[in-house]
Structures are given as structure tokens and as C-alpha cells.
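Source file: target_27.cif; contents: mmCIF, C-alpha atoms.
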data_protein
loop_
_atom_site.label_atom_id
_atom_site.label_comp_id
_atom_site.auth_asym_id
_atom_site.auth_seq_id
_atom_site.Cartn_x
_atom_site.Cartn_y
_atom_site.Cartn_z
CA MET A 868 -42.08 -44.78 -17.88
CA THR A 869 -42.02 -48.39 -19.06
CA LEU A 870 -45.03 -50.66 -18.78
CA ALA A 871 -42.99 -53.07 -16.64
CA LEU A 872 -42.34 -50.33 -14.10
CA VAL A 873 -46.01 -49.38 -14.01
CA ALA A 874 -46.82 -53.04 -13.40
CA ALA A 875 -44.47 -53.09 -10.43
CA LEU A 876 -46.08 -49.94 -9.09
CA LEU A 877 -49.51 -51.49 -9.44
CA THR A 878 -48.44 -54.58 -7.50
CA ALA A 879 -46.84 -52.48 -4.76
CA ALA A 880 -49.92 -50.30 -4.47
CA THR A 881 -52.34 -53.20 -3.87
CA PRO A 882 -52.75 -53.95 -0.14
CA ALA A 883 -53.48 -57.38 1.31
CA GLY A 884 -57.23 -56.80 1.13
CA GLY A 885 -57.01 -56.62 -2.64
CA LYS A 886 -58.38 -53.12 -3.14
CA ALA A 887 -55.84 -51.09 -5.08
CA ALA A 888 -54.79 -47.66 -3.94
CA VAL A 889 -54.12 -45.02 -6.59
CA PRO A 890 -50.50 -43.87 -6.47
CA ALA A 891 -49.71 -40.49 -7.98
CA VAL A 892 -46.78 -41.51 -10.16
CA ARG A 893 -44.97 -38.57 -11.74
CA HIS A 894 -42.25 -38.22 -14.35
CA ALA A 895 -39.49 -36.46 -12.46
CA GLY A 896 -40.51 -35.69 -8.91
CA THR A 897 -42.44 -32.81 -7.44
CA PRO A 898 -42.03 -29.58 -9.41
CA GLY A 899 -39.92 -27.04 -7.57
CA PRO A 900 -38.85 -23.45 -8.22
CA SER A 901 -37.60 -22.72 -11.73
CA PRO A 902 -33.85 -23.23 -12.10
CA ARG A 903 -31.63 -20.18 -12.11
CA ALA A 904 -30.25 -19.61 -15.59
CA ILE A 905 -26.51 -19.38 -16.18
CA ARG A 906 -26.08 -17.74 -19.58
CA SER A 907 -22.39 -16.84 -19.66
CA ALA A 908 -18.98 -17.23 -18.06
CA GLU A 909 -19.72 -13.98 -16.21
CA ASP A 910 -22.80 -15.56 -14.61
CA LEU A 911 -20.66 -18.52 -13.53
CA ALA A 912 -18.06 -16.14 -12.06
CA ALA A 913 -20.77 -14.37 -10.07
CA LEU A 914 -21.99 -17.72 -8.73
CA CYS A 915 -18.45 -18.68 -7.77
CA ARG A 916 -18.01 -15.42 -5.87
CA ALA A 917 -21.22 -16.18 -3.96
CA LEU A 918 -19.81 -19.63 -3.09
CA THR A 919 -16.56 -18.29 -1.64
CA PRO A 920 -15.97 -19.92 1.79
CA PRO A 921 -16.38 -17.34 4.60
CA GLU A 922 -12.84 -17.86 5.84
CA ARG A 923 -11.50 -16.57 2.52
CA LEU A 924 -13.31 -13.26 2.80
CA ARG A 925 -11.44 -10.04 3.56
CA PRO A 926 -14.27 -7.58 4.17
CA ARG A 927 -13.44 -3.92 4.72
CA GLY A 928 -14.70 -1.50 7.32
CA ASP A 929 -14.98 -1.50 11.07
CA ALA A 930 -16.03 -4.47 13.19
CA VAL A 931 -19.76 -3.86 12.67
CA GLU A 932 -19.43 -3.44 8.91
CA ARG A 933 -17.30 -6.56 8.60
CA GLY A 934 -19.77 -8.58 10.67
CA GLU A 935 -22.71 -7.40 8.57
CA ALA A 936 -20.83 -8.19 5.34
CA GLU A 937 -20.06 -11.71 6.57
CA ALA A 938 -23.69 -12.29 7.54
CA ARG A 939 -24.91 -11.15 4.11
CA HIS A 940 -22.38 -13.40 2.40
CA ASP A 941 -23.39 -16.41 4.52
CA ALA A 942 -27.05 -15.91 3.56
CA ASP A 943 -26.19 -15.49 -0.13
CA ARG A 944 -23.97 -18.58 -0.07
CA ASP A 945 -26.65 -20.72 1.58
CA ALA A 946 -29.22 -19.57 -0.99
CA ALA A 947 -26.81 -20.30 -3.86
CA ILE A 948 -26.08 -23.83 -2.63
CA VAL A 949 -29.72 -24.91 -2.29
CA ALA A 950 -30.76 -23.44 -5.66
CA ARG A 951 -31.03 -25.42 -8.89
CA TYR A 952 -29.38 -24.20 -12.10
CA ALA A 953 -29.85 -24.53 -15.85
CA ILE A 954 -27.31 -23.86 -18.58
CA THR A 955 -27.04 -24.45 -22.32
CA LEU A 956 -23.54 -25.28 -23.49
CA PRO A 957 -22.09 -25.46 -27.01
CA ALA A 958 -21.28 -29.12 -27.66
CA ALA A 959 -19.49 -29.10 -31.00
CA ARG A 960 -16.17 -30.08 -29.37
CA LEU A 961 -17.30 -32.40 -26.59
CA PRO A 962 -15.81 -35.88 -27.13
CA PHE A 963 -18.16 -38.87 -27.11
CA ALA A 964 -17.21 -42.36 -25.98
CA PRO A 965 -17.88 -45.24 -28.42
CA TYR A 966 -21.60 -45.98 -28.66
CA ASP A 967 -22.69 -48.95 -26.53
CA ALA A 968 -25.03 -50.82 -28.89
CA SER A 969 -25.94 -53.56 -26.40
CA GLU A 970 -27.06 -51.03 -23.78
CA ARG A 971 -28.31 -48.47 -26.34
CA ARG A 972 -26.25 -45.87 -24.53
CA LEU A 973 -24.45 -42.76 -25.77
CA SER A 974 -22.10 -41.07 -23.29
CA LEU A 975 -19.36 -38.48 -23.20
CA ALA A 976 -15.81 -39.68 -22.90
CA GLU A 977 -14.60 -39.25 -19.33
CA PRO A 978 -13.50 -37.13 -17.61
CA GLY A 979 -16.57 -35.15 -18.58
CA VAL A 980 -15.32 -31.57 -18.34
CA LEU A 981 -17.83 -29.08 -19.77
CA PRO A 982 -16.45 -25.74 -21.05
CA VAL A 983 -18.70 -22.74 -20.43
CA ALA A 984 -18.57 -20.68 -23.64
CA GLU A 985 -15.15 -19.13 -24.20
CA GLY A 986 -12.56 -18.13 -21.64
CA GLY A 987 -11.68 -21.38 -19.91
CA SER A 988 -14.32 -21.60 -17.16
CA ARG A 989 -15.92 -25.02 -16.93
CA LEU A 990 -18.29 -27.34 -15.08
CA TRP A 991 -17.09 -30.61 -13.59
CA PRO A 992 -19.84 -33.21 -13.09
CA SER A 993 -19.14 -35.04 -9.83
CA GLU A 994 -21.56 -37.88 -10.77
CA GLU A 995 -23.06 -39.21 -14.01
CA ARG A 996 -19.87 -37.83 -15.51
CA GLY A 997 -20.55 -39.20 -18.99
CA LEU A 998 -24.08 -37.72 -19.05
CA PRO A 999 -25.41 -40.97 -20.58
CA VAL A 1000 -28.60 -41.08 -22.64
CA GLU A 1001 -30.50 -44.14 -23.83
CA ALA A 1002 -30.80 -43.90 -27.60
CA ASP A 1003 -31.08 -46.29 -30.51
CA ALA A 1004 -28.40 -46.17 -33.18
CA GLY A 1005 -30.48 -43.80 -35.33
CA ALA A 1006 -30.91 -41.29 -32.52
CA ALA A 1007 -27.21 -41.54 -31.63
CA ARG A 1008 -26.29 -40.80 -35.25
CA ARG A 1009 -28.55 -37.74 -35.26
CA VAL A 1010 -26.68 -36.42 -32.20
CA LEU A 1011 -23.32 -36.94 -33.92
CA GLU A 1012 -24.56 -35.44 -37.20
CA ALA A 1013 -25.70 -32.31 -35.35
CA GLN A 1014 -22.28 -32.14 -33.68
CA ARG A 1015 -20.43 -32.44 -37.00
CA ALA A 1016 -22.60 -29.64 -38.39
CA GLY A 1017 -21.73 -27.44 -35.40
CA ARG A 1018 -25.34 -27.26 -34.18
CA LEU A 1019 -25.25 -29.57 -31.18
CA ALA A 1020 -25.91 -28.08 -27.73
CA LEU A 1021 -26.17 -29.56 -24.25
CA GLU A 1022 -29.01 -28.38 -22.03
CA LEU A 1023 -28.06 -29.23 -18.45
CA THR A 1024 -29.95 -28.79 -15.18
CA PHE A 1025 -27.84 -29.31 -12.08
CA ASP A 1026 -27.63 -28.98 -8.31
CA LEU A 1027 -24.59 -28.10 -6.22
CA PRO A 1028 -22.83 -30.22 -3.60
CA ASP A 1029 -23.50 -29.20 0.00
CA ASP A 1030 -19.92 -27.95 0.35
CA ALA A 1031 -19.75 -26.39 -3.12
CA THR A 1032 -16.89 -24.06 -3.90
CA CYS A 1033 -15.12 -23.14 -7.12
CA GLY A 1034 -11.56 -23.72 -8.16
CA ALA A 1035 -9.97 -20.66 -9.76
CA ASP A 1036 -6.83 -19.89 -11.72
CA PRO A 1037 -4.17 -17.77 -9.94
CA ARG A 1038 -5.56 -14.57 -11.46
CA GLY A 1039 -9.15 -15.40 -10.50
CA LYS A 1040 -10.32 -15.06 -14.10
CA THR A 1041 -11.51 -18.61 -14.86
CA PHE A 1042 -13.34 -21.06 -12.62
CA THR A 1043 -14.11 -24.76 -12.31
CA LEU A 1044 -17.37 -25.61 -10.54
CA PRO A 1045 -18.27 -29.15 -9.41
CA VAL A 1046 -21.93 -29.89 -10.17
CA GLU A 1047 -24.45 -32.69 -9.63
CA PRO A 1048 -26.36 -33.24 -12.91
CA VAL A 1049 -30.14 -33.65 -12.53
CA GLU A 1050 -31.31 -33.87 -16.14
CA TRP A 1051 -29.80 -33.16 -19.54
CA ALA A 1052 -30.65 -33.14 -23.23
CA TRP A 1053 -28.71 -33.06 -26.49
CA THR A 1054 -30.42 -30.55 -28.76
CA ASP A 1055 -30.23 -29.38 -32.36
CA GLY A 1056 -31.59 -25.89 -32.89
CA GLY A 1057 -33.62 -26.20 -29.68
CA ALA A 1058 -35.15 -29.58 -30.67
CA ALA A 1059 -34.28 -32.39 -28.25
CA LEU A 1060 -32.50 -35.38 -29.82
CA ALA A 1061 -31.98 -37.43 -26.64
CA ARG A 1062 -32.62 -36.93 -22.91
CA GLY A 1063 -31.00 -38.30 -19.77
CA GLY A 1064 -31.22 -38.16 -15.99
CA ALA A 1065 -34.51 -37.26 -14.33
CA GLY A 1066 -35.90 -36.09 -17.66
CA ALA A 1067 -35.13 -39.30 -19.57
CA ASP A 1068 -38.84 -40.22 -19.77
CA ARG A 1069 -39.91 -36.82 -21.07
CA PRO A 1070 -40.93 -36.68 -24.75
CA LEU A 1071 -38.30 -35.40 -27.16
CA ALA A 1072 -40.84 -33.04 -28.72
CA THR A 1073 -44.27 -31.72 -27.83
CA ALA A 1074 -47.32 -31.93 -30.05
CA ALA A 1075 -46.86 -28.23 -30.77
CA GLN A 1076 -43.34 -29.01 -32.06
CA GLY A 1077 -44.57 -31.63 -34.51
CA ALA A 1078 -44.50 -34.79 -32.40
CA THR A 1079 -47.02 -37.48 -33.35
CA PRO A 1080 -49.35 -38.46 -30.48
CA ARG A 1081 -50.00 -42.20 -30.24
CA VAL A 1082 -52.11 -44.38 -27.97
CA ASP A 1083 -50.73 -47.87 -27.28
CA VAL A 1084 -52.78 -50.45 -25.37
CA GLY A 1085 -50.47 -52.96 -23.68
CA GLU A 1086 -50.88 -56.56 -22.64
CA PRO A 1087 -52.96 -56.96 -19.45
CA ILE A 1088 -51.15 -56.83 -16.14
CA ALA A 1089 -54.05 -58.75 -14.61
CA GLY A 1090 -56.81 -60.66 -16.39
CA PRO A 1091 -57.10 -62.53 -19.69
CA SER A 1092 -55.39 -61.47 -22.92
CA ASP A 1093 -58.82 -60.65 -24.37
CA ALA A 1094 -58.81 -57.55 -22.16
CA LYS A 1095 -56.44 -55.79 -24.56
CA ARG A 1096 -58.76 -56.41 -27.50
CA ALA A 1097 -61.72 -55.20 -25.45
CA VAL A 1098 -59.98 -51.91 -24.60
CA LEU A 1099 -58.91 -51.46 -28.24
CA THR A 1100 -62.60 -51.36 -29.24
CA ARG A 1101 -62.62 -47.92 -27.59
CA ALA A 1102 -59.45 -46.77 -29.42
CA GLY A 1103 -61.25 -43.84 -31.03
CA ASP A 1104 -62.47 -42.57 -27.66
CA LEU A 1105 -58.99 -42.95 -26.13
CA GLN A 1106 -57.47 -41.01 -29.02
CA ALA A 1107 -60.04 -38.25 -28.52
CA CYS A 1108 -59.17 -38.09 -24.81
CA TYR A 1109 -55.47 -37.72 -25.64
CA ALA A 1110 -56.12 -35.08 -28.28
CA GLU A 1111 -58.14 -33.04 -25.78
CA ALA A 1112 -55.40 -33.36 -23.14
CA LEU A 1113 -52.79 -32.17 -25.65
CA ARG A 1114 -54.85 -29.11 -26.44
CA ARG A 1115 -54.46 -28.14 -22.78
CA ASP A 1116 -50.82 -29.21 -22.48
CA PRO A 1117 -48.90 -30.21 -25.65
CA ALA A 1118 -46.30 -32.15 -23.61
CA VAL A 1119 -48.59 -34.73 -21.94
CA ASP A 1120 -46.98 -38.18 -22.09
CA GLY A 1121 -47.12 -41.26 -19.87
CA VAL A 1122 -48.99 -44.41 -18.85
CA LEU A 1123 -52.36 -45.05 -17.23
CA VAL A 1124 -53.14 -48.47 -15.76
CA VAL A 1125 -56.93 -48.85 -15.82
CA GLU A 1126 -58.84 -51.42 -13.76
CA LEU A 1127 -62.11 -52.94 -14.94
CA GLY A 1128 -64.44 -55.47 -13.41
CA GLY A 1129 -66.79 -55.91 -10.51
CA GLY A 1130 -69.04 -53.15 -11.76
CA ARG A 1131 -66.38 -50.46 -11.36
CA ILE A 1132 -63.58 -48.75 -13.24
CA GLY A 1133 -60.57 -47.04 -11.76
CA VAL A 1134 -56.98 -45.97 -12.36
CA ALA A 1135 -54.36 -47.97 -10.47
CA ALA A 1136 -51.31 -45.99 -11.63
CA ASP A 1137 -50.80 -42.75 -13.53
CA SER A 1138 -47.54 -41.30 -14.84
CA THR A 1139 -49.15 -38.62 -17.03
CA GLY A 1140 -49.79 -36.21 -14.16
CA THR A 1141 -52.99 -35.12 -15.94
CA PRO A 1142 -56.21 -35.76 -13.96
CA GLU A 1143 -58.37 -34.63 -16.89
CA LEU A 1144 -56.93 -37.37 -19.11
CA SER A 1145 -57.52 -39.98 -16.40
CA THR A 1146 -61.13 -38.85 -15.98
CA CYS A 1147 -61.75 -38.91 -19.73
CA VAL A 1148 -60.31 -42.44 -20.09
CA GLN A 1149 -62.45 -43.75 -17.24
CA ARG A 1150 -65.51 -42.22 -18.86
CA ALA A 1151 -64.60 -43.76 -22.24
CA LEU A 1152 -64.28 -47.25 -20.71
CA ALA A 1153 -67.08 -46.98 -18.15
CA THR A 1154 -69.51 -49.26 -20.01
CA LEU A 1155 -66.88 -51.79 -21.08
CA ALA A 1156 -67.41 -55.28 -19.67
CA ALA A 1157 -64.29 -56.99 -18.32
CA PRO A 1158 -63.60 -60.26 -20.20
CA GLY A 1159 -64.07 -63.26 -17.93
CA GLY A 1160 -65.97 -61.21 -15.37
CA GLY A 1161 -63.02 -60.81 -13.00
CA ARG A 1162 -60.61 -58.02 -12.22
CA VAL A 1163 -58.68 -56.70 -15.22
CA ALA A 1164 -55.79 -54.23 -15.27
CA VAL A 1165 -54.60 -52.89 -18.63
CA PRO A 1166 -51.81 -50.35 -19.26
CA ILE A 1167 -52.45 -47.62 -21.83
CA ARG A 1168 -49.45 -45.67 -23.08
CA PHE A 1169 -50.01 -42.11 -24.28
CA GLU A 1170 -46.88 -41.26 -26.21
CA LEU A 1171 -45.45 -38.34 -28.14
CA VAL A 1172 -43.21 -39.66 -30.92
CA ALA A 1173 -40.60 -37.19 -32.19
CA PRO A 1174 -40.91 -36.39 -35.92
CA ALA A 1175 -37.68 -38.24 -36.82
CA THR A 1176 -38.90 -41.49 -35.23
CA ALA A 1177 -42.67 -41.35 -35.78
CA ALA A 1178 -42.46 -43.74 -38.73
CA ALA A 1179 -40.85 -46.40 -36.52
CA ALA A 1180 -43.71 -46.61 -34.00
CA GLY A 1181 -44.76 -50.20 -33.28
CA THR A 1182 -47.95 -52.09 -33.88
CA GLY A 1183 -50.91 -51.84 -31.52
CA SER A 1184 -50.72 -48.05 -31.53
CA ALA A 1185 -52.59 -45.39 -33.40
CA PRO A 1186 -52.13 -41.66 -33.84
CA ALA A 1187 -54.45 -39.46 -31.80
CA ARG A 1188 -56.55 -37.19 -33.96
#
In C-alpha cells, write the structure found in this file.
Amino acid sequence: MTLALVAALLTAATPAGGKAAVPAVRHAGTPGPSPRAIRSAEDLAALCRALTPPERLRPRGDAVERGEAEARHDADRDAAIVARYAITLPAARLPFAPYDASERRLSLAEPGVLPVAEGGSRLWPSEERGLPVEADAGAARRVLEAQRAGRLALELTFDLPDDATCGADPRGKTFTLPVEPVEWAWTDGGAALARGGAGADRPLATAAQGATPRVDVGEPIAGPSDAKRAVLTRAGDLQACYAEALRRDPAVDGVLVVELGGGRIGVAADSTGTPELSTCVQRALATLAAPGGGRVAVPIRFELVAPATAAAAGTGSAPAR
């Protein structure tokens, strides 16, 4: 989540009386049930059979048996449509569109048809068809290098349209399924190179996978510029808070907007989803006086930098120890 977005959230969360509420800002929505894994063309064929429209069924048996079979199929079809799915696809042959340097965007060439292993079955994204990811030129080159080496894979999480059904060849051996992409990642040997969709803000690697944790204190959203320097005097404590949070969960990443002044400290916005980190930061800054004596709001970015890009981290940040 960008600092500008957190600033907008802070403004929106402050009522007319001036006392800020504390929005629970999360990375990608409320966690739901784990996606169903599709590991092969056979799994996709089974899903397509479950999605067969009732009018195409030809159940056997007497009237009672046919009615019971139709009822079971209706229930299975409803459950299949509302479920979420995850699949990992080989990406060595997927064609990319020219890299958009001005937008820092890498996308597939459209139409974005995604083969499912061998055999001809495929997924057909009905939206976000290019599966775009925001990536600098270096990250885009790493994706293409992994593809040339035959190691690139696409990890895709998707939903189904409300009226989902599969197209099939005349023999019913291969299928085409329209899907609604939710989040996706280009990976090399399981390591994420770039992410898109709802997971675009997630770190490319966890601390356990070698990512470098950094703490970046931003320019104040409210209050004098000296507020940044004041918060940076507690950099060691902030780094210790982050290190402790990563011991509990090696994927913690996000922004806290802390408020100082008026004899109180609080958190106006939180995209880390980690209450323990928020509590630790408030404790670390509890005795810090707000410059100028008024209300101060300062964003603090807790970031996991992937090993390939750790050396490019900007100024004003420091690795958490």
C-alpha cells in the first residue's frame, strides 16, 4: 500500500470533530476459505463436469432417481460456482506484450489464453486478460530470463462467473473455462518475481525466504517536517518491533500511520494486519514529544525487500535486525 493511499485513508477516517477513527486497512480483503487447487487437466475436466448446465443432463433411472440426481448436481454446481480456485501453470510459452516503461507494466499479449498442462484444455480470463503486473525494468527482465530458461510459472487464483460453464471439443476431451482472475504471480522455482491483482501489494518474498526487512519513515501527513526526524530517533526500537513481528509471521508487510501530540499516541491507519506490531510501535514512540506541540501524523513503512532488489532500497530506510 502506498503512503499516498494511507494518507487518503487517514483523511477519510477523521470525522468533523477532529478525532480520528482507526480503520482496519488490510492488504487484500477479508480472508476466506482456502482456494480449491486445480493440479491437472483432469481436475479441470472434473470441475467442468460439475458446471454442466442442468438442462444438458441425461440422468438414468426412474423418475425418483433422476430427480435425486438432478438435485445433487444442482447442489454440486452451486458449490463449484461460489468456490475460489488456485492453479500453477507452466509459462515458458506464454507470449508477453511489449513492456510499458512509462507505466512500469508487464502484461501478456491478448487474447490471454492460458493452457493447462498438456492436452489442449485452457483457461480464458474474462477480465484483466493480460494479467498485468507493475514491475520496474529489472524485475521485468528477471521474468523474461526465467521464461527463456524454461523455469517461469504462473500462479493464478480465480473466481468463476455466476453463469460459469465450460466449452468442450466435440469429443468432450478438452475444455475451455472462463475465469475471473483475483490475484496472480510470476514465479521462478517457487520464488515470486512479480505480483498482480489483489495480491499486488504482497511482498515478493518473506523474511524466511531471504527478503530484507526495512523500516522507512515517511514525510508527515500532518504536522511539521521535523516530525520525521523525531520518529527516526526511535529507529532502533522500530526495527526491533518489526523483527519481533517477523518472528511470528515472516510475511508481515505494510504501513502504519502513527499520531502523536496532545499527550496521546495512536494509530490512524494500519495495512499490516498485525496488532502486535501496532502495539509495539505505539510503545516505542509513547514518550516522544510531537514537534511544535500540535497533532502529528507520520507514516511508517514496514517493507520486505526481495533479495534481487534489496540493494536498490532508498534512503531513509534501515534493515530491521
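Near Ala908 (chain A), within 7 Å and counting all atoms listed in the file, sit Val983, Ala984 and Ser988 of chain A, not including residues fewer than 6 positions from it in the same chain.
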Against region 1126-1134 of chain A, which residues of region 1070-1112 of chain A fall within 12 Å? For each one I want the closest pair of atoms and the distance in Å (one decimal), counting all atoms listed in the file, rows by chain and increasing residue number, as a Markdown table.
| residue | atom | partner | partner_atom | distance |
| --- | --- | --- | --- | --- |
| A:Pro1087 | CA | A:Glu1126 | CA | 9.9 |
| A:Ile1088 | CA | A:Glu1126 | CA | 9.7 |
| A:Ala1089 | CA | A:Glu1126 | CA | 8.8 |
| A:Gly1090 | CA | A:Leu1127 | CA | 9.5 |
| A:Pro1091 | CA | A:Leu1127 | CA | 11.8 |
| A:Ala1094 | CA | A:Leu1127 | CA | 9.2 |
| A:Lys1095 | CA | A:Leu1127 | CA | 11.5 |
| A:Ala1097 | CA | A:Leu1127 | CA | 10.8 |
| A:Val1098 | CA | A:Leu1127 | CA | 9.9 |
Once the PyMOL selection byres ((chain A and resi 976) around 8) has been applied to the shown file, what residues remain in the selection, as an mmCIF file with C-alpha atoms, in the frame of the given file?
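Now in result.cif:
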data_model
loop_
_atom_site.group_PDB
_atom_site.id
_atom_site.type_symbol
_atom_site.label_atom_id
_atom_site.label_comp_id
_atom_site.auth_asym_id
_atom_site.auth_seq_id
_atom_site.Cartn_x
_atom_site.Cartn_y
_atom_site.Cartn_z
ATOM 1 C CA PRO A 962 -15.810 -35.880 -27.130
ATOM 2 C CA PHE A 963 -18.160 -38.870 -27.110
ATOM 3 C CA ALA A 964 -17.210 -42.360 -25.980
ATOM 4 C CA SER A 974 -22.100 -41.070 -23.290
ATOM 5 C CA LEU A 975 -19.360 -38.480 -23.200
ATOM 6 C CA GLU A 977 -14.600 -39.250 -19.330
ATOM 7 C CA PRO A 978 -13.500 -37.130 -17.610
ATOM 8 C CA GLY A 979 -16.570 -35.150 -18.580
ATOM 9 C CA GLY A 997 -20.550 -39.200 -18.990
#
Checklist entry - What does the distance between CA of Thr1146 (chain A) and CA of Leu1071 (chain A) come to in Å, to one decimal place? => result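 So the answer is 25.7 Å.
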Report the closest atom pair, with its distance in Å rounded to one decimal, for each residue of region 1023-1073 of chain A that has an atom no farther than 12 Å from region 969-972 of chain A; count only C-alpha atoms, sort by chain and then rising residue number, and write it as JSON lines.
{"residue": "A:Ala1061", "atom": "CA", "partner": "A:Arg972", "partner_atom": "CA", "distance": 10.4}
{"residue": "A:Arg1062", "atom": "CA", "partner": "A:Arg972", "partner_atom": "CA", "distance": 11.1}
{"residue": "A:Gly1063", "atom": "CA", "partner": "A:Arg972", "partner_atom": "CA", "distance": 10.1}
Selected residues written out with C-alpha atoms, as a compact mmCIF listing (two decimals), in the coordinates of the input:
# COMPACT_ATOMS: atom_id res chain seq x y z
CA ALA A 1061 -31.98 -37.43 -26.64
CA ARG A 1062 -32.62 -36.93 -22.91
CA GLY A 1063 -31.00 -38.30 -19.77
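Relative to CA of Gly1057 (chain A), CA of Ala1013 (chain A) is found at 11.5 Å.
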Item to check | Test item: residues at most 9 Å from Val1148 (chain A), all atoms listed in the file, excluding those fewer than 4 positions along its chain, as an MDAnalysis selection string | outcome: chainID A and resid 1104:1105 1108:1109 1123 1125 1143:1144 1152:1153
Next on the checklist: Report, in Å to a single decimal, how far apart CA of Thr919 (chain A) and CA of Lys1040 (chain A) are.
Outcome noted: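 Between these atoms lies a distance of 14.3 Å.
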Emit as lines of an AutoDock Vina configuration file the padded axis-aligned box for all listed atoms of region 969-978 of chain A, 6 Å per side, with centre and edge lengths in Å to one decimal.
center_x = -20.9
center_y = -45.3
center_z = -22.0
size_x = 26.8
size_y = 28.4
size_z = 20.8
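Residue nearest Glu1170 (chain A) within the list A:Glu1111, A:Arg1096, A:Ser1138, A:Asp1083: A:Asp1083 [criterion: smallest interatomic distance, all atoms listed in the file].
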Next on the checklist: Show me the residues close to (-23.5, -20.1, -7.2) - anything with an atom within 10 Å, counting only C-alpha atoms - and format the list as an MDAnalysis selection string.
Outcome noted: chainID A and resid 903 905 910:919 943:952 1026:1027 1031:1033 1044
Take the selection from the previous step and output its residues with C-alpha atoms, as an mmCIF file, in the coordinates of the input.
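This is the output file out-v4.cif:
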data_model
loop_
_atom_site.group_PDB
_atom_site.id
_atom_site.type_symbol
_atom_site.label_atom_id
_atom_site.label_comp_id
_atom_site.auth_asym_id
_atom_site.auth_seq_id
_atom_site.Cartn_x
_atom_site.Cartn_y
_atom_site.Cartn_z
ATOM 1 C CA ARG A 903 -31.630 -20.180 -12.110
ATOM 2 C CA ILE A 905 -26.510 -19.380 -16.180
ATOM 3 C CA ASP A 910 -22.800 -15.560 -14.610
ATOM 4 C CA LEU A 911 -20.660 -18.520 -13.530
ATOM 5 C CA ALA A 912 -18.060 -16.140 -12.060
ATOM 6 C CA ALA A 913 -20.770 -14.370 -10.070
ATOM 7 C CA LEU A 914 -21.990 -17.720 -8.730
ATOM 8 C CA CYS A 915 -18.450 -18.680 -7.770
ATOM 9 C CA ARG A 916 -18.010 -15.420 -5.870
ATOM 10 C CA ALA A 917 -21.220 -16.180 -3.960
ATOM 11 C CA LEU A 918 -19.810 -19.630 -3.090
ATOM 12 C CA THR A 919 -16.560 -18.290 -1.640
ATOM 13 C CA ASP A 943 -26.190 -15.490 -0.130
ATOM 14 C CA ARG A 944 -23.970 -18.580 -0.070
ATOM 15 C CA ASP A 945 -26.650 -20.720 1.580
ATOM 16 C CA ALA A 946 -29.220 -19.570 -0.990
ATOM 17 C CA ALA A 947 -26.810 -20.300 -3.860
ATOM 18 C CA ILE A 948 -26.080 -23.830 -2.630
ATOM 19 C CA VAL A 949 -29.720 -24.910 -2.290
ATOM 20 C CA ALA A 950 -30.760 -23.440 -5.660
ATOM 21 C CA ARG A 951 -31.030 -25.420 -8.890
ATOM 22 C CA TYR A 952 -29.380 -24.200 -12.100
ATOM 23 C CA ASP A 1026 -27.630 -28.980 -8.310
ATOM 24 C CA LEU A 1027 -24.590 -28.100 -6.220
ATOM 25 C CA ALA A 1031 -19.750 -26.390 -3.120
ATOM 26 C CA THR A 1032 -16.890 -24.060 -3.900
ATOM 27 C CA CYS A 1033 -15.120 -23.140 -7.120
ATOM 28 C CA LEU A 1044 -17.370 -25.610 -10.540
#
Checklist entry - Of the candidates A:Ala1020, A:Ala1007, A:Ala1067, A:Ala1059, which shows the shortest atom-to-atom distance to Ala959 (chain A), using all atoms listed in the file? => result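 Selected residue with least distance to Ala959 (chain A): A:Ala1020.
With distances restricted to all atoms listed in the file, A:Leu961 is the closest residue to Gly1017 (chain A) from A:Ile1167, A:Ala936, A:Val1119, A:Leu961.
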Checklist entry - Could you spell out the hits of the PyMOL selection byres ((chain A and resi 1074) around 9) on the shown file, as a list in words? => result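 Applying the PyMOL selection byres ((chain A and resi 1074) around 9) to the structure shown produces Ala1072, Thr1073, Ala1075, Gln1076, Gly1077, Ala1078, Thr1079, Pro1080, Leu1113, Arg1114, Asp1116, Pro1117, Ala1118, Val1119, Leu1171, Val1172 and Ala1173 of chain A.
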